[in-house]
Amino acid sequence: MGSIDDILGELPLPPYLTTEDVTFAVKAVTVHAAEQWPDGPRCRNDRAPHPCRLHRWGQRVLVGRGLSDREIEALLVEQTARQP
Ligand SMILES: [Zn+2]
């Protein structure tokens with residue numbers, strides 16, 4: 001059975017990444033975080049096998065901006081801390 005991911009493929013990246021794209025990417029990665037399910041990690045937002053399309057898109061944007069894993073992690077911590 002083909003998943004929606006196989007049908008739609010990867011989300012395209014914007015040609016030029018702006019600060020807004022980065023903000024949106026951080027949000028996407030935060031909202032589409034992994035959740036443990038009996039059959040493995042799934043997205044807690046859309047229940048797709050983790051990492052889902054939006055999570056991968058967010059990661060690609062952040063990597064595209066030249067952020068290291070460490071910097072991405074710091075952004076995520078910051079974003080999570082801001083949530084109520
Ligand atoms: Zn997701």
# chains A, B, ... in the order shown; residues from 1 in each chain; ligands from 1
>>> residues_around(residues="Glu10 of chain A", least_positions_apart="5", cutoff="12 Å", atoms="only C-alpha atoms", output="list in words")
Ile4, Asp5, Cys52, Arg53, Leu54, His55, Arg56, Trp57, Gly58 and Arg60 of chain A
>>> residues_around(residues="Thr23 of chain A", least_positions_apart="3", cutoff="12 Å", atoms="only C-alpha atoms", output="PyMOL selection string")
chain A and resi 17-20+26-30+58-59+61-62+65+72+75-76+78-79
>>> write_last_selection(atoms="N, CA and C atoms", output="short mmCIF file (atom, residue, chain, number, x, y, z; two decimals), in the first residue's frame")
data_model
loop_
_atom_site.label_atom_id
_atom_site.label_comp_id
_atom_site.auth_asym_id
_atom_site.auth_seq_id
_atom_site.Cartn_x
_atom_site.Cartn_y
_atom_site.Cartn_z
N LEU A 17 15.62 31.09 0.94
CA LEU A 17 15.08 30.89 2.28
C LEU A 17 15.19 32.18 3.08
N THR A 18 14.04 32.65 3.56
CA THR A 18 14.01 33.87 4.35
C THR A 18 13.93 33.52 5.83
N THR A 19 14.03 34.55 6.67
CA THR A 19 13.90 34.35 8.11
C THR A 19 12.52 33.77 8.43
N GLU A 20 11.53 34.20 7.66
CA GLU A 20 10.17 33.69 7.87
C GLU A 20 10.10 32.20 7.61
N VAL A 26 10.94 25.88 11.89
CA VAL A 26 11.10 25.51 13.30
C VAL A 26 9.75 25.07 13.86
N LYS A 27 8.71 25.81 13.49
CA LYS A 27 7.36 25.49 13.95
C LYS A 27 6.95 24.10 13.42
N ALA A 28 7.22 23.85 12.14
CA ALA A 28 6.85 22.57 11.54
C ALA A 28 7.54 21.41 12.25
N VAL A 29 8.83 21.58 12.52
CA VAL A 29 9.59 20.50 13.16
C VAL A 29 9.08 20.29 14.60
N THR A 30 8.70 21.39 15.26
CA THR A 30 8.22 21.30 16.64
C THR A 30 6.84 20.64 16.70
N GLY A 58 10.80 20.86 7.11
CA GLY A 58 11.37 21.79 8.08
C GLY A 58 12.86 21.57 8.27
N GLN A 59 13.22 20.30 8.38
CA GLN A 59 14.64 19.97 8.56
C GLN A 59 15.46 20.43 7.36
N VAL A 61 14.77 22.86 5.27
CA VAL A 61 14.88 24.32 5.27
C VAL A 61 16.00 24.75 6.21
N LEU A 62 16.01 24.16 7.41
CA LEU A 62 17.01 24.57 8.41
C LEU A 62 18.41 24.19 7.96
N ARG A 65 19.55 26.53 5.30
CA ARG A 65 20.02 27.81 5.82
C ARG A 65 21.41 27.70 6.43
N ILE A 72 20.00 23.93 15.26
CA ILE A 72 18.60 23.56 15.06
C ILE A 72 18.00 23.14 16.41
N LEU A 75 17.26 26.14 18.52
CA LEU A 75 16.06 26.83 18.05
C LEU A 75 14.80 26.10 18.52
N LEU A 76 14.85 24.78 18.47
CA LEU A 76 13.69 23.98 18.88
C LEU A 76 13.42 24.13 20.36
N GLU A 78 14.19 26.68 22.19
CA GLU A 78 13.67 28.04 22.34
C GLU A 78 12.18 28.09 22.00
N GLN A 79 11.83 27.47 20.88
CA GLN A 79 10.46 27.45 20.41
C GLN A 79 9.56 26.73 21.41
#
>>> atom_distance(atom1="atom CA of Ala33 of chain A", atom2="atom CA of Pro15 of chain A")
25.2 Å
>>> atom_distance(atom1="atom CA of Asp46 of chain A", atom2="atom CA of Thr80 of chain A")
18.7 Å
>>> closest_residue(among="A:Leu67, A:Leu11, A:Ala25, A:Ala34", to="ligand 1", atoms="only C-alpha atoms and all ligand atoms")
A:Ala34
>>> select_by_dssp(residues="chain A", states="strand (DSSP E or B)", output="number ranges by chain")
A: 34-37, 40-43, 49
>>> atom_distance(atom1="atom CA of Gln36 of chain A", atom2="atom CA of Pro49 of chain A")
10.2 Å
